[in-house]
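Peer 1: Here it is, the structure in full.
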Amino acid sequence: MTTVLTPVTPERIPGRARRLVRRATSPWTYAALIAILAGSAFPVYWSLVVSSQTTEAVGSVPPVLVPGGHLFENIARVFDETDFALALGNSLIVSGTITVSVVLFSTLAGFAFAKLRFRGRTALLLVVIATQAIPTELGVVPLYMMMADLGWAGQLQAVIVPGLVTAFGVFYMRQYFERALPLELLEAGRMDGCGPLRLFWHVALPTARPAAAVLGLFTFMQAWNDFFWPLVVLVPENPTVQTALSTLASGYTTDYTLVLTAATIGTIPVLVVFLLFGRHIVGGIMQGALKG
Amino acid sequence: MTSAKTLTWAERRHKWSATLSPFGFISPYFLIFGAFGLFPLLYTAVVSLQDRNLLDADGATFIGLGNYEQLLFHDPYFWNAMGNTVSLWLLTTIPQILFALGVAHLLNRRLRGRTLFRMGMILPNITSVAAVTIIFAQLFGRDFGLVNWVLSWFGAGRIDWQAGTASSHTAIAAMVVWRWTGYHALIFLASMQAIPTSMYEAATLDGAKGWQQFWRITVPLLRPQIIFSTVIATTGNMRLLAEPLLFNPGTAAATGGSDRQFQTAALYLYEQGFTKYDFGYSSAIALVLAVVTMLVAGLSYLVTRRIQTD
């Protein structure tokens with residue numbers, strides 16, 4: 001998955017003051033927006049409906065459109081009849097490790113690119129920006145061969161290691177530091193005898209916290225939702241949530257209640273993150289563009 | 001008198017650390033990306049010139065452009081997959097951009113609960129492609145699918161969405177458009193809010209109505225974002241894989257339906273590489289797909305650049 005995002009700026013987005021004020025918003029606008037909202041939410045709602053029904057109810061005509069009372073029973077079935085607990089654990093390990101690593105390495109490199117002088121800085125930064133545009137799916141065959149040679153095929157590190165850094169993260173943090181970290185602050189640190197590492201730790205890192213949080217949010221969601229590479233390199237016995245879903249869905253007779261209950265469970269972590277930090281996600285997209 | 005140029009050990013260490021530490025800071029990115037991002041990418045070209053099958057113990061033999069010759073001149077499945085790719089590209093990219101413009105236009109008003117509306121629009125985008133596709137496959141089911149049930153009110157017969165080329169493309173396009181419209185709408189909305197009110201006021205004085213204002217002012221001023229969104233959507237939609245793979249899971253998954261009616265080029269790459277382990281051939285598909293994607297992205301750039309600006 002490629003990510004394209006222009007970075008956050010410390011200034012706030014132009015708010016109410018610059019919104020265009022022409023005439024009162026008509027009820028039709030609200031009606032249209034509510035209809036679109038319903039359409040946006042419907043598939044997620046539907047998956048919740050199915051996961052709270054019995055298998056028989058799902059096959060009925062007309063379909064049942066409201067949640068039933070079998071949610072916990074179905075959740076229990078998912079954990080009894082499949083390896084979904086393992087998949088959830090694996091996804092947590094993979095997404096957690098990738099998030100911590102991307103945030104740490106992006107902050108380090110972003111700080112160096114924004115505030116330290118060194119030979120080849122501009123050229124190396126251009127390399128980072130250029131690599132953002134490359135679709136990594138293209139190299140999937142050689143990458144798989146590498147993993148097989150390393151003996152990692154089927155194991156979690158095959159998913160984790162290639163995800164440990166992203167060009168997007170480096171660029172994002174660099175843009176943030178460029179604007180948010182005043183040179184005077186760094187000079188003051190230098191006067192106090194800080195070496196680069198201590199400058200990073202005591203001056204840059206505290207400044208970076210808001211941007212690092214947004215980057216972490218996006219990275220976690222992307223890692224959690226990643227499908228193609230885990231599908232290629234992992235085995236069904238050692239899945240992530242997303243590859244487990246594809247295995248569940250491809251049985252000879254698909255038990256839709258079971259599959260959609262699993263899909264619902266697998267969406268919950270991202271949904272929780274979204275409900276807590278949704279406005280930051282929206283802000284991040286509106287200040288640029290993010291693709292997952 | 002000691003020369004000022006003689007540095008103490010501590011000073012020298014400090015100087016070295018100032019010179020070298022930036023490289024230390026950036027090296028994790030370059031080492032990991034170089035090994036697991038850039039190298040595989042470049043090595044694809046080498047593998048594509050080999051006859052290389054994981055199931056074949058002999059390993060790799062260099063066959064020059066043999067894979068490409070087979071692919072381009074003797075492989076109807078590849079051209080079928082390319083055709084499906086282009087068809088899905090058209091069916092996804094154009095509605096995505098147009099719907100997003102409409103949604104952004106609606107959101108660009110004084111609204112109560114605008115955070116709720118914006119979050120609602122982006123909800124599809126944060127859900128995983130695997131979950132979304134499985135849910136949509138169920139909605140588009142032949143016998144008990146909700147879509148057919150709704151269509152039956154209008155007297156439509158039961159459509160077997162997976163079976164036909166047009167119907168399967170429509171269903172897959174619906175999932176992609178559903179997932180990405182809100183994302184593009186938010187990008188458009190951000191730029192719409194930067195358009196000065198005075199431009200609309202002037203247009204109103206000149207007698208331009210809402211609809212005219214939208215096409216004559218809003219859309220032209222959004223040109224850079226429309227170009228950006230179209231190119232991003234194109235590169236994404238030209239490599240659809242998860243959607244066709246999970247639309248009809250089971251034995252026909254990697255072939256994109258029993259008659260390959262919705263097998264995309266990326267899915268064909270997956271079929272050759274990871275169900276038949278024909279790594280050389282798969283790499284050749286990857287490179288051809290990359291070239292075609294660049295061409296199509298360039299084409300969409302040229303088309304969107306023609307949006308009229310005064």
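Note on naming: chains are A, B, ... as they come in the structure tokens, residues start from 1 per chain, ligands start from 1 in the order shown.
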Applying 8 Å and only C-alpha atoms, which residues near B:Arg52 remain after dropping the ones on its own chain fewer than 3 positions away? List them as a ChimeraX atom specification.
Peer 2: /B:47,56,59-61,278-281
Peer 1: Would you save the residues of that selection, restricted to C-alpha atoms, as a PDB file, in the first residue's frame?
Peer 2:
```pdb
ATOM      1  CA  VAL B  47      13.740 -12.650 -12.582  1.00  0.00           C
ATOM      2  CA  ASP B  56      11.278 -26.997 -10.435  1.00  0.00           C
ATOM      3  CA  GLY B  59      16.502 -23.407 -10.355  1.00  0.00           C
ATOM      4  CA  ALA B  60      16.707 -20.525 -12.749  1.00  0.00           C
ATOM      5  CA  THR B  61      17.735 -20.478 -16.395  1.00  0.00           C
ATOM      6  CA  ASP B 278       6.088 -19.512 -12.085  1.00  0.00           C
ATOM      7  CA  PHE B 279       8.220 -16.691 -10.742  1.00  0.00           C
ATOM      8  CA  GLY B 280       9.776 -15.632 -14.028  1.00  0.00           C
ATOM      9  CA  TYR B 281       6.470 -15.308 -15.802  1.00  0.00           C
TER      10      TYR B 281
END
```
Peer 1: Which residues are close to A:Thr29, i.e. within 10 Å by only C-alpha atoms, leaving aside same-chain residues fewer than 5 positions away? Reply as JSON, numbers by chain.
Peer 2: {"A": [34, 35], "B": [105, 106, 107, 109, 111]}
Peer 1: Quick one: write out the picked residues with C-alpha atoms as a PDB file, in the first residue's frame?
Peer 2:
```
ATOM      1  CA  ILE A  34     -27.823  11.710   5.633  1.00  0.00           C
ATOM      2  CA  ALA A  35     -28.597   9.357   2.741  1.00  0.00           C
TER       3      ALA A  35
ATOM      4  CA  HIS B 105     -20.000  20.207  -2.819  1.00  0.00           C
ATOM      5  CA  LEU B 106     -22.666  19.109  -0.328  1.00  0.00           C
ATOM      6  CA  LEU B 107     -20.215  19.176   2.564  1.00  0.00           C
ATOM      7  CA  ARG B 109     -21.935  24.399   3.323  1.00  0.00           C
ATOM      8  CA  LEU B 111     -23.477  22.375   8.430  1.00  0.00           C
TER       9      LEU B 111
END
```
Peer 1: When distances are computed from only C-alpha atoms, which of A:Gly154, A:Pro162, A:Pro239, A:Pro135 shows the smallest separation from chain B?
Peer 2: A:Pro162
Peer 1: Show which residues sit within 10 Å of B:Ala233, as a PyMOL selection string. Count only C-alpha atoms, and ignore same-chain residues fewer than 3 positions away.
Peer 2: (chain A and resi 291) or (chain B and resi 89+92-94+96-97+180+184+227-230+236-238+297+300)
Peer 1: With all heavy atoms retained, write the just-selected residues as a short mmCIF file (atom, residue, chain, number, x, y, z; two decimals), in the first residue's frame.
Peer 2:
```cif
data_model
loop_
_atom_site.label_atom_id
_atom_site.label_comp_id
_atom_site.auth_asym_id
_atom_site.auth_seq_id
_atom_site.Cartn_x
_atom_site.Cartn_y
_atom_site.Cartn_z
N LYS A 291 -3.62 7.54 1.56
CA LYS A 291 -4.18 6.40 0.86
C LYS A 291 -3.71 5.14 1.53
O LYS A 291 -2.53 4.98 1.80
CB LYS A 291 -3.71 6.43 -0.58
CG LYS A 291 -4.57 5.62 -1.51
CD LYS A 291 -4.22 6.00 -2.94
CE LYS A 291 -4.55 4.87 -3.88
NZ LYS A 291 -5.92 4.80 -4.26
N TRP B 89 -10.86 -0.16 -14.36
CA TRP B 89 -10.27 1.17 -14.15
C TRP B 89 -11.28 2.27 -14.53
O TRP B 89 -11.50 3.21 -13.78
CB TRP B 89 -8.99 1.31 -14.98
CG TRP B 89 -8.52 2.72 -15.11
CD1 TRP B 89 -8.09 3.54 -14.10
CD2 TRP B 89 -8.46 3.50 -16.30
NE1 TRP B 89 -7.76 4.77 -14.60
CE2 TRP B 89 -7.97 4.77 -15.94
CE3 TRP B 89 -8.76 3.23 -17.64
CZ2 TRP B 89 -7.78 5.79 -16.88
CZ3 TRP B 89 -8.57 4.24 -18.57
CH2 TRP B 89 -8.09 5.50 -18.20
N THR B 92 -14.35 2.39 -12.13
CA THR B 92 -14.10 2.85 -10.77
C THR B 92 -13.66 4.31 -10.74
O THR B 92 -14.20 5.11 -9.99
CB THR B 92 -13.01 2.00 -10.09
OG1 THR B 92 -11.88 1.91 -10.95
CG2 THR B 92 -13.52 0.62 -9.77
N THR B 93 -12.69 4.67 -11.60
CA THR B 93 -12.06 5.98 -11.48
C THR B 93 -13.03 7.12 -11.77
O THR B 93 -13.13 8.08 -11.00
CB THR B 93 -10.84 6.06 -12.40
OG1 THR B 93 -10.03 4.92 -12.15
CG2 THR B 93 -10.03 7.30 -12.13
N ILE B 94 -13.76 7.02 -12.87
CA ILE B 94 -14.64 8.13 -13.25
C ILE B 94 -15.76 8.36 -12.23
O ILE B 94 -15.92 9.48 -11.75
CB ILE B 94 -15.18 7.91 -14.69
CG1 ILE B 94 -13.99 7.90 -15.66
CG2 ILE B 94 -16.19 8.98 -15.07
CD1 ILE B 94 -14.34 7.48 -17.06
N GLN B 96 -15.78 7.53 -9.12
CA GLN B 96 -15.15 7.99 -7.88
C GLN B 96 -14.96 9.50 -7.86
O GLN B 96 -15.32 10.17 -6.90
CB GLN B 96 -13.76 7.36 -7.78
CG GLN B 96 -13.55 6.44 -6.63
CD GLN B 96 -12.24 5.70 -6.78
OE1 GLN B 96 -11.19 6.29 -7.01
NE2 GLN B 96 -12.30 4.39 -6.67
N ILE B 97 -14.39 10.01 -8.95
CA ILE B 97 -14.08 11.45 -8.98
C ILE B 97 -15.37 12.27 -9.04
O ILE B 97 -15.52 13.26 -8.33
CB ILE B 97 -13.17 11.75 -10.20
CG1 ILE B 97 -11.88 10.94 -10.13
CG2 ILE B 97 -12.88 13.23 -10.30
CD1 ILE B 97 -11.01 11.22 -8.93
N TRP B 180 -13.65 4.46 -1.75
CA TRP B 180 -12.74 5.57 -1.97
C TRP B 180 -13.37 6.93 -2.21
O TRP B 180 -12.69 7.94 -2.20
CB TRP B 180 -11.81 5.23 -3.15
CG TRP B 180 -10.80 4.23 -2.75
CD1 TRP B 180 -10.82 2.89 -3.04
CD2 TRP B 180 -9.63 4.44 -1.95
NE1 TRP B 180 -9.75 2.27 -2.46
CE2 TRP B 180 -8.99 3.20 -1.79
CE3 TRP B 180 -9.07 5.56 -1.34
CZ2 TRP B 180 -7.83 3.04 -1.06
CZ3 TRP B 180 -7.91 5.41 -0.62
CH2 TRP B 180 -7.31 4.17 -0.48
N HIS B 184 -11.59 10.91 -1.53
CA HIS B 184 -11.38 11.97 -2.52
C HIS B 184 -12.24 13.19 -2.21
O HIS B 184 -11.81 14.33 -2.42
CB HIS B 184 -11.67 11.45 -3.92
CG HIS B 184 -10.69 10.41 -4.38
ND1 HIS B 184 -9.37 10.68 -4.60
CD2 HIS B 184 -10.84 9.09 -4.63
CE1 HIS B 184 -8.74 9.58 -4.96
NE2 HIS B 184 -9.61 8.60 -4.99
N ILE B 227 -6.60 16.48 -10.72
CA ILE B 227 -5.50 15.76 -11.37
C ILE B 227 -4.86 14.78 -10.38
O ILE B 227 -4.69 13.60 -10.67
CB ILE B 227 -4.43 16.75 -11.89
CG1 ILE B 227 -5.01 17.60 -13.03
CG2 ILE B 227 -3.18 16.01 -12.37
CD1 ILE B 227 -4.08 18.69 -13.52
N PHE B 228 -4.56 15.27 -9.18
CA PHE B 228 -3.94 14.43 -8.16
C PHE B 228 -4.79 13.21 -7.87
O PHE B 228 -4.33 12.07 -7.92
CB PHE B 228 -3.72 15.26 -6.89
CG PHE B 228 -3.29 14.46 -5.69
CD1 PHE B 228 -1.95 14.12 -5.53
CD2 PHE B 228 -4.21 14.05 -4.74
CE1 PHE B 228 -1.54 13.38 -4.42
CE2 PHE B 228 -3.81 13.31 -3.63
CZ PHE B 228 -2.48 12.98 -3.48
N SER B 229 -6.08 13.44 -7.60
CA SER B 229 -6.97 12.34 -7.25
C SER B 229 -7.09 11.34 -8.39
O SER B 229 -7.14 10.13 -8.17
CB SER B 229 -8.35 12.87 -6.89
OG SER B 229 -8.39 13.24 -5.54
N THR B 230 -7.18 11.84 -9.62
CA THR B 230 -7.34 10.94 -10.74
C THR B 230 -6.11 10.06 -10.92
O THR B 230 -6.22 8.86 -11.15
CB THR B 230 -7.61 11.74 -12.04
OG1 THR B 230 -8.67 12.65 -11.78
CG2 THR B 230 -8.01 10.81 -13.16
N GLY B 236 -4.01 3.14 -8.20
CA GLY B 236 -4.61 2.16 -7.30
C GLY B 236 -5.52 1.20 -8.04
O GLY B 236 -5.45 -0.02 -7.85
N ASN B 237 -6.38 1.73 -8.90
CA ASN B 237 -7.39 0.90 -9.55
C ASN B 237 -6.81 0.01 -10.64
O ASN B 237 -7.43 -0.97 -11.04
CB ASN B 237 -8.50 1.77 -10.12
CG ASN B 237 -9.26 2.49 -9.02
OD1 ASN B 237 -9.22 2.08 -7.86
ND2 ASN B 237 -9.91 3.58 -9.37
N MET B 238 -5.64 0.35 -11.16
CA MET B 238 -5.02 -0.51 -12.16
C MET B 238 -4.41 -1.76 -11.53
O MET B 238 -4.02 -2.68 -12.23
CB MET B 238 -3.91 0.25 -12.92
CG MET B 238 -4.41 1.25 -13.93
SD MET B 238 -5.26 0.51 -15.34
CE MET B 238 -3.87 -0.22 -16.23
N ALA B 297 -1.79 6.20 -16.30
CA ALA B 297 -1.74 7.34 -15.38
C ALA B 297 -1.36 8.61 -16.14
O ALA B 297 -1.94 9.67 -15.91
CB ALA B 297 -0.74 7.07 -14.26
N SER B 300 -4.44 9.74 -17.97
CA SER B 300 -5.45 10.42 -17.14
C SER B 300 -4.95 11.80 -16.72
O SER B 300 -5.75 12.71 -16.55
CB SER B 300 -5.86 9.61 -15.91
OG SER B 300 -4.95 8.62 -15.61
#
```
Peer 1: For a test of reading the model, state the distance in Å between atom CA of B:Ser283 and atom CA of B:Thr44, rounded to one decimal.
Peer 2: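 These atoms are spaced 5.6 Å apart.
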Peer 1: For each of B:Leu287, B:Val150, B:Met294, B:Ala265, take the minimum atom-to-atom distance to B:Asn84, counting only C-alpha atoms, then give the residue where this is smallest.
Peer 2: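 Distance minimum relative to B:Asn84 lands on B:Ala265.
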Peer 1: For A:Asp255, find every residue with an atom within 10 Å (counting only C-alpha atoms), except residues of its own chain fewer than 5 positions away, and show them as an MDAnalysis selection string.
Peer 2: chainID A and resid 55 58 248:250 260
Peer 1: Selected residues, all heavy atoms, written as a short mmCIF file (atom, residue, chain, number, x, y, z; two decimals), in the first residue's frame, please.
Peer 2:
```cif
data_model
loop_
_atom_site.label_atom_id
_atom_site.label_comp_id
_atom_site.auth_asym_id
_atom_site.auth_seq_id
_atom_site.Cartn_x
_atom_site.Cartn_y
_atom_site.Cartn_z
N THR A 55 -27.62 -18.51 11.42
CA THR A 55 -27.34 -18.77 10.02
C THR A 55 -28.64 -18.87 9.20
O THR A 55 -28.70 -18.42 8.07
CB THR A 55 -26.52 -20.06 9.88
OG1 THR A 55 -25.45 -19.98 10.81
CG2 THR A 55 -25.98 -20.22 8.49
N VAL A 58 -30.11 -15.52 8.13
CA VAL A 58 -29.39 -14.82 7.08
C VAL A 58 -29.89 -15.24 5.70
O VAL A 58 -29.92 -14.45 4.77
CB VAL A 58 -27.87 -15.09 7.22
CG1 VAL A 58 -27.12 -14.53 6.03
CG2 VAL A 58 -27.37 -14.48 8.50
N LEU A 248 -11.32 -18.15 5.73
CA LEU A 248 -12.67 -18.47 6.18
C LEU A 248 -13.68 -18.35 5.05
O LEU A 248 -14.60 -19.15 4.93
CB LEU A 248 -13.09 -17.50 7.29
CG LEU A 248 -12.69 -17.83 8.72
CD1 LEU A 248 -13.20 -16.76 9.66
CD2 LEU A 248 -13.27 -19.18 9.11
N ALA A 249 -13.49 -17.31 4.22
CA ALA A 249 -14.47 -17.06 3.16
C ALA A 249 -14.35 -18.04 2.02
O ALA A 249 -15.24 -18.14 1.18
CB ALA A 249 -14.31 -15.63 2.64
N SER A 250 -13.23 -18.77 1.96
CA SER A 250 -13.04 -19.61 0.78
C SER A 250 -13.31 -21.09 1.07
O SER A 250 -12.92 -21.94 0.30
CB SER A 250 -11.63 -19.42 0.23
OG SER A 250 -10.69 -19.77 1.21
N LEU A 260 -18.77 -13.25 8.63
CA LEU A 260 -19.03 -11.83 8.89
C LEU A 260 -18.86 -11.49 10.37
O LEU A 260 -18.50 -10.35 10.70
CB LEU A 260 -20.41 -11.42 8.38
CG LEU A 260 -20.55 -11.39 6.86
CD1 LEU A 260 -21.83 -10.69 6.43
CD2 LEU A 260 -19.36 -10.72 6.19
#
```
Peer 1: Excluding A:Val233 and any residue of its chain fewer than 4 positions from it, enumerate the residues within 8 Å of it, using only C-alpha atoms, and give them as a PyMOL selection string.
Peer 2: chain A and resi 144+147+153-155+158-159+229
Peer 1: As a VMD selection string, please: every residue in stretch 24-245 of chain B that DSSP puts in strand (DSSP E).
Peer 2: chain B and resid 50 to 51 61 to 62
Peer 1: Those residues you just picked out, can you put them in a file as a compact mmCIF listing (two decimals), in the first residue's frame with N, CA, C and O atoms?
Peer 2:
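Printed below is result31.txt as written:
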```
# COMPACT_ATOMS: atom_id res chain seq x y z
N GLN B 50 14.11 -14.86 -16.61
CA GLN B 50 14.47 -16.23 -16.29
C GLN B 50 13.28 -17.17 -16.40
O GLN B 50 12.14 -16.76 -16.24
N ASP B 51 13.62 -18.44 -16.68
CA ASP B 51 12.62 -19.48 -16.51
C ASP B 51 12.83 -19.99 -15.10
O ASP B 51 13.81 -20.69 -14.83
N THR B 61 16.95 -20.56 -15.17
CA THR B 61 17.74 -20.48 -16.39
C THR B 61 17.38 -19.18 -17.10
O THR B 61 16.22 -18.78 -17.13
N PHE B 62 18.42 -18.57 -17.66
CA PHE B 62 18.21 -17.31 -18.38
C PHE B 62 17.56 -17.59 -19.73
O PHE B 62 18.04 -18.41 -20.50
```
Peer 1: Give me the residues near B:Thr293 as a VMD selection string, where near means some atom within 9 Å (using only C-alpha atoms) and where sequence neighbours in that chain fewer than 2 positions away do not count.
Peer 2: chain B and resid 234 to 235 238 to 239 288 to 291 295 to 298
Peer 1: So that I can see what lies close to B:Ile187, please list as a list in words the residues with an atom at most 8 Å from it, counting only C-alpha atoms and leaving out residues fewer than 3 positions away in the same chain.
Peer 2: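 What passes the distance filter is Ile285, Met286, Gln287, Gly288 and Ala289 of chain A; Tyr183, His184, Ala190, Ser191 and Gln225 of chain B.
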Peer 1: Give me a file of those residues, with N, CA, C and O atoms, as an mmCIF file, in the first residue's frame.
Peer 2:
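Just written: selection.cif:
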```
data_model
loop_
_atom_site.group_PDB
_atom_site.id
_atom_site.type_symbol
_atom_site.label_atom_id
_atom_site.label_comp_id
_atom_site.auth_asym_id
_atom_site.auth_seq_id
_atom_site.Cartn_x
_atom_site.Cartn_y
_atom_site.Cartn_z
ATOM 1 N N ILE A 285 -6.251 13.854 6.326
ATOM 2 C CA ILE A 285 -6.574 13.681 4.910
ATOM 3 C C ILE A 285 -6.831 15.030 4.254
ATOM 4 O O ILE A 285 -6.390 15.290 3.140
ATOM 5 N N MET A 286 -7.517 15.904 4.986
ATOM 6 C CA MET A 286 -7.860 17.185 4.377
ATOM 7 C C MET A 286 -6.650 18.091 4.200
ATOM 8 O O MET A 286 -6.651 18.965 3.356
ATOM 9 N N GLN A 287 -5.613 17.860 5.004
ATOM 10 C CA GLN A 287 -4.415 18.675 4.815
ATOM 11 C C GLN A 287 -3.544 18.109 3.713
ATOM 12 O O GLN A 287 -2.495 18.620 3.403
ATOM 13 N N GLY A 288 -3.936 17.034 3.142
ATOM 14 C CA GLY A 288 -3.153 16.453 2.077
ATOM 15 C C GLY A 288 -3.934 15.298 1.518
ATOM 16 O O GLY A 288 -5.050 15.465 1.112
ATOM 17 N N ALA A 289 -3.342 14.172 1.542
ATOM 18 C CA ALA A 289 -4.029 13.034 0.992
ATOM 19 C C ALA A 289 -3.407 11.805 1.584
ATOM 20 O O ALA A 289 -2.209 11.690 1.648
ATOM 21 N N TYR B 183 -12.867 9.525 0.616
ATOM 22 C CA TYR B 183 -11.479 9.977 0.710
ATOM 23 C C TYR B 183 -11.205 11.113 -0.276
ATOM 24 O O TYR B 183 -10.682 12.173 0.085
ATOM 25 N N HIS B 184 -11.592 10.911 -1.528
ATOM 26 C CA HIS B 184 -11.376 11.968 -2.521
ATOM 27 C C HIS B 184 -12.236 13.190 -2.207
ATOM 28 O O HIS B 184 -11.811 14.327 -2.417
ATOM 29 N N ALA B 190 -11.267 20.202 1.117
ATOM 30 C CA ALA B 190 -10.217 21.055 1.668
ATOM 31 C C ALA B 190 -9.904 22.209 0.715
ATOM 32 O O ALA B 190 -9.758 23.355 1.125
ATOM 33 N N SER B 191 -9.821 21.908 -0.593
ATOM 34 C CA SER B 191 -9.510 22.993 -1.536
ATOM 35 C C SER B 191 -10.703 23.895 -1.781
ATOM 36 O O SER B 191 -10.546 25.080 -2.030
ATOM 37 N N GLN B 225 -6.269 19.398 -7.621
ATOM 38 C CA GLN B 225 -6.690 18.268 -6.788
ATOM 39 C C GLN B 225 -7.348 17.188 -7.631
ATOM 40 O O GLN B 225 -7.230 16.001 -7.327
#
```
Peer 1: Return the single residue from B:Met119, B:Leu31, B:Leu101, B:Ala202 that is closest to chain A, with distances computed using only C-alpha atoms.
Peer 2: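 Checking each of B:Met119, B:Leu31, B:Leu101, B:Ala202 against chain A, counting only C-alpha atoms, the winner is B:Met119.
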Peer 1: As number ranges by chain, list the residues of stretch 11-258 of chain A assigned to alpha helix (DSSP H) by DSSP on the backbone atoms of this structure.
Peer 2: A: 27-51, 55-58, 71-81, 84-115, 121-131, 140-150, 157-160, 167-180, 183-191, 196-199, 205-225, 228-233, 241-249, 256-258
Peer 1: Go through A:Phe113, A:Trp201, A:Phe84, A:Phe277 and flag the residue nearest A:Glu237, using only C-alpha atoms for the distances.
Peer 2: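 Comparing A:Phe113, A:Trp201, A:Phe84, A:Phe277 against A:Glu237, the winner is A:Phe84.
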